[in-house]
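Undergrad: I have a structure here, written as structure tokens, and I will follow up with some questions on it.
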Amino acid sequence: MPAGGLGPAGRRPRQPQDRPTRGRLHRRHDRSFRDRGTCPPLRHQCYDMTNFFDHLATDLRDRLARLAADDAIPALPDDLGNVVLEPTRDPAHGDVATNAALVLAKTLRMKPQDLGRRIADAMAGHPDVVEAAVAGPGFVNLRLSDGFWRARLAEILAAGPAYGESAKGAGVAVNVEYVSANPTGPLHVGHCRGAVFGDALAALLEKVGHAVTREYYINDAGGQVDTLARSAFLRYREALGEDIGDIPEGLYPGDYLIPVGQGLVEKYGDRFRHQDESVWLMPIREFAIAAMMAMVREDLEALNIRQDVFFSEYTLHTSGRIDEVLQELVDRDLIYEGVLEAPKGKQPDDWEPRPQTLFRASQFGDDTDRALKKSNGAWTYFAADIAYHFDKYKRGFNHQIDVWGADHGGYIKRMRAAVTAISGGKADLDVKICQLVKLTRGGEPVKMSKRSGSFVTLRDVVDEVGRDVVRFMMLTRKNDAPLDFDFDKVTEQSKDNPVFYVQYAHARARSVLRNAAAEIAGMDLSRTGLSAASLDRIESADELALVKQMAAFPRLLEQAADAHEPHRVAFALYDLAAAFHGLWNKGKEDPSLRFILADDPVLTHARLALLQAVCDVIASGLGVLGVTPVEEMR
RNA sequence: GUCCCCGUAGCUCAGCAGGAUAGAGCACAGGAUUCCUAAUCCUGGGGCCACUGGUUCGAAUCCAGUCGGGGACACCA
């Protein structure tokens, strides 16, 4: 959809984000993923080797069951759903804590403190637990042995940048549909955010074991592509030597259509020049859409995005698929002819009560029923979208995510309603909304682009600041929060700039490893060599804190994936970078904390292993975001 | 009028499935460099988590309502 007043005459220009992305919202209480039925009540039961919280949680549950079996505590309830084992916020409370005693106290009719003491005693039997204590209102705090943490460090080194991959998703198929911009012009910044978000989310879901399909819905039916065809026809006449003057209101003025006009001349000569629109509209439309989609793919390629499926809306109309799915809804009495009430408040001037073909969306949580046919008899966009989501369902996607622009928020309920209806409640749809990107340069708003005729294109941004910067920056805010993007700031080499900050941490660590290789002869700095280092020499509190932080990374990935929030990965990397920079600078005050110690090659080797692990975790996280870790800053 | 999102430090924002004393950056004040990149780090002041009620062992977090900001509201895509 065009931005900046290019919409069909008489309509309010749409937001820069026409109908871009689409996706799935999964509010915290939306339990679609959690209730897959594959996990027993206690959280994170389906565990993976790298998420040690799972191991401990399993162990906790076993020990609770044993306590009950030994009559040390009353019988447990079936559902331990609220019992969690999580990292402590304050290191003074140990490494991990469980609320088991607080949650179970009431049903077991015990005082939280008493229950907590039994749990603590039981957990003290775990070989890695060096301290188990009841604290506060009844938390059980556990401190884990240094050896336990060193084992996690070894795991990171063994996994490398693959660290954090898990089987939690169990190969369950998820369809992520994103970008889905109308094929009427180049992608703009709004699409850019949705593109990066969707792609990172897809990668995140893959990382935790889902079978992900990345998809793009081509809106190649309807009035906008006709407008595109007319705009291309104008450029066609121009390519034939006509002076077309200014582009009339209502047509797309962008320069990007000039080569399309030339291409049309190459293909068709002057055959259409004096023909009626009814003759040239379809062939030119087809040609122009193909050209636009080629351009869109190039733009996405610039961000390293390659989607698996490009699905044409037009084919839904021509293949009878819409009639097919709607017939199913008719059979279930979910479609009727009726008259909608006029919306209150802002009423359209041309409103007239009229019988329409309506879908009973209100039976599935929508605010009102929704129209499926336009006044001219054609299907509405929504009707086609139902068929599209039905198609996805039939292709085996019980879990669907759409990533959309902010202006499509009002469309979410009906689409979710439709997915529920067409799947008989078997499929879920989460729609993720991406808020606007505010582009600035030195604080001043940036709005125009020559190439597009109005909006700043995705290409403008990527070409100027680079793919990695764009990708990272787009994820430094939660998707539903507006994002400021300042051309000057994002390329600045300072702590202000999170991209730089994280990349610098990686580069710094790599730099030490390179220097070590040059300075210290005979040390094996290969991954296997570092894995064989004497990790028991990692013993300072700061170093172990860094290890603990990295060991929490797989869990963070799982949680970010469950919440469909890839931005959490970006924030985690920032935190890890901060911890690393902090450790680094301690070496300035206290030289014994430096990584390279000429007089202690064994300790040096161990610390270099730690350094390699930092690189691995950063690389792992950046990999999810689609950002390349750098070896050095330039 | 209805629906959705948002409201946390002066500013921009995190806050992990309800958890213990609410965090970071910027800005402000002070400090650290014979050193593996000071492109960094450390310390400090700063908070009615918009408001009111509710749920409970416990609420910034969940629920209801109020106020304030943004967005969307037949047939467009």
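By convention here, the chains of the structure tokens are called A, B, ... in the order presented, each chain's residues are numbered starting at 1, and ligands are numbered starting at 1 in the order presented.
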Any idea what's packed within 7 Å of stretch 52-64 of chain B, counting only C-alpha atoms (C1' of nucleotides), ignoring anything in its chain fewer than 2 positions away? Could you give it as a list in words?
TA: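 Once the nearby chain positions are removed, what remains is Leu102 of chain A; U8, G18, G19 and C49 of chain B.
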Undergrad: Store the residues of this selection in a file with N, CA, C and O atoms (P, O5', C5', C4', C3', O3' and C1' of nucleotides), as a short mmCIF file (atom, residue, chain, number, x, y, z; two decimals), in the first residue's frame.
TA:
data_model
loop_
_atom_site.label_atom_id
_atom_site.label_comp_id
_atom_site.auth_asym_id
_atom_site.auth_seq_id
_atom_site.Cartn_x
_atom_site.Cartn_y
_atom_site.Cartn_z
N LEU A 102 6.13 -22.06 49.17
CA LEU A 102 5.11 -21.01 49.23
C LEU A 102 3.84 -21.44 48.50
O LEU A 102 2.74 -21.22 48.96
P U B 8 5.85 6.10 32.23
"O5'" U B 8 6.27 5.03 33.32
"C5'" U B 8 5.88 5.19 34.67
"C4'" U B 8 6.84 4.49 35.57
"C3'" U B 8 8.30 4.92 35.40
"O3'" U B 8 8.59 6.12 36.10
"C1'" U B 8 8.18 2.57 35.41
P G B 18 2.86 -15.05 36.04
"O5'" G B 18 3.72 -14.22 37.09
"C5'" G B 18 3.73 -12.81 37.10
"C4'" G B 18 4.15 -12.34 38.45
"C3'" G B 18 5.07 -13.34 39.16
"O3'" G B 18 5.93 -12.61 40.02
"C1'" G B 18 3.15 -13.01 40.43
P G B 19 7.35 -12.36 39.51
"O5'" G B 19 8.05 -12.18 40.91
"C5'" G B 19 8.20 -11.03 41.60
"C4'" G B 19 8.60 -11.38 43.00
"C3'" G B 19 10.01 -11.95 43.09
"O3'" G B 19 10.64 -11.33 44.20
"C1'" G B 19 8.48 -13.40 44.16
P C B 49 5.06 3.74 43.24
"O5'" C B 49 5.41 3.95 41.71
"C5'" C B 49 4.34 4.08 40.76
"C4'" C B 49 4.82 3.66 39.41
"C3'" C B 49 3.83 2.77 38.68
"O3'" C B 49 3.84 3.11 37.31
"C1'" C B 49 5.91 1.67 38.88
#
Undergrad: Name all residues at most 12 Å from A:Lys478 (count only C-alpha atoms (C1' of nucleotides); drop same-chain ones fewer than 6 positions away) and give them as a PyMOL selection string.
TA: (chain A and resi 193-194+197+432-437+484+560+563-571) or (chain B and resi 5-6+13-14)
Undergrad: Report as a ChimeraX atom specification all protein, DNA and RNA residues lying within 7 Å of stretch 455-463 of chain A, evaluated on only C-alpha atoms (C1' of nucleotides), omitting residues in the same chain fewer than 5 positions from it.
TA: /A:3,186-189,192,299,447-449,470
Undergrad: Counting only C-alpha atoms (C1' of nucleotides), what is within 10 Å of stretch 301-314 of chain A, bar same-chain residues fewer than 2 positions away, as a PyMOL selection string?
TA: chain A and resi 176-180+192+195-196+198-200+212-222+293+295-299+316-319+381+384-385+387-388+458-459+462-463+466-468+470-471+626-627
Undergrad: Would you mind listing what lies within 10 Å of A:Asp95 as a PyMOL selection string, with only C-alpha atoms (C1' of nucleotides) counted and same-chain residues fewer than 5 positions away left out?
TA: chain A and resi 86-90+129+131+141-145+545+548
Undergrad: List as a PDB file with C-alpha atoms, in the first residue's frame the protein and nucleic acid residues near A:Asp542, meaning an atom at most 10 Å away when only C-alpha atoms (C1' of nucleotides) are counted, but skip any in the same chain fewer than 5 places from it.
TA:
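Saved result, selection_13.pdb, follows:
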ATOM      1  CA  VAL A 547      29.683 -18.157  33.456  1.00  0.00           C
ATOM      2  CA  LYS A 548      26.373 -18.151  35.329  1.00  0.00           C
ATOM      3  CA  ALA A 579      29.388  -7.983  32.182  1.00  0.00           C
ATOM      4  CA  PHE A 580      32.281  -8.778  29.924  1.00  0.00           C
ATOM      5  CA  GLY A 582      33.225  -4.899  33.364  1.00  0.00           C
ATOM      6  CA  LEU A 583      35.375  -7.960  33.892  1.00  0.00           C
ATOM      7  CA  LYS A 586      38.844  -5.110  36.495  1.00  0.00           C
ATOM      8  CA  LEU A 593      42.546 -10.579  36.725  1.00  0.00           C
TER       9      LEU A 593
END
Undergrad: When the cut-off is 6 Å and we count only C-alpha atoms (C1' of nucleotides), which residues of chain B are near chain A, given as an NGL selection string?
TA: :B and (1 or 36 or 39 or 41 or 72 or 75)
Undergrad: Env of A:Ile422: 12 Å cut, atoms = only C-alpha atoms (C1' of nucleotides), seq-sep filter 2 positions within chain, self excluded. Answer as JSON, numbers by chain.
TA: {"A": [324, 325, 326, 327, 328, 329, 330, 331, 332, 334, 359, 360, 361, 364, 383, 385, 386, 387, 388, 389, 390, 391, 392, 393, 394, 398, 415, 416, 417, 418, 419, 420, 424, 425, 426, 427, 428, 429]}
Undergrad: So how far away is atom CA of A:Leu576 from atom CA of A:Ser534, in Å?
TA: 23.2 Å
Undergrad: Write down as a list in words the residues of stretch 84-143 of chain A whose backbone DSSP state falls under strand (DSSP E or B).
TA: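 Listing strand (DSSP E or B) positions across stretch 84-143 of chain A yields Leu85, Glu86, Pro87, Val96, Ala97, Thr98, Val129, Val130, Glu131, Ala132, Ala133, Val134, Ala135, Phe139, Val140, Asn141, Leu142 and Arg143 of chain A.
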Undergrad: DSSP on the backbone: which residues in stretch 335-560 of chain A end up as alpha helix (DSSP H)? Give the answer as a VMD selection string.
TA: chain A and resid 381 to 394 412 to 422 458 to 465 467 to 473 498 to 519 527 to 531 541 to 551 553 to 560
Undergrad: Ranking A:Ala173, A:Ala100, A:Ala151, A:Leu67 by minimum distance to A:Ile538 and counting only C-alpha atoms, which one comes first?
TA: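 Under the stated criterion, the closest residue is A:Ala151.
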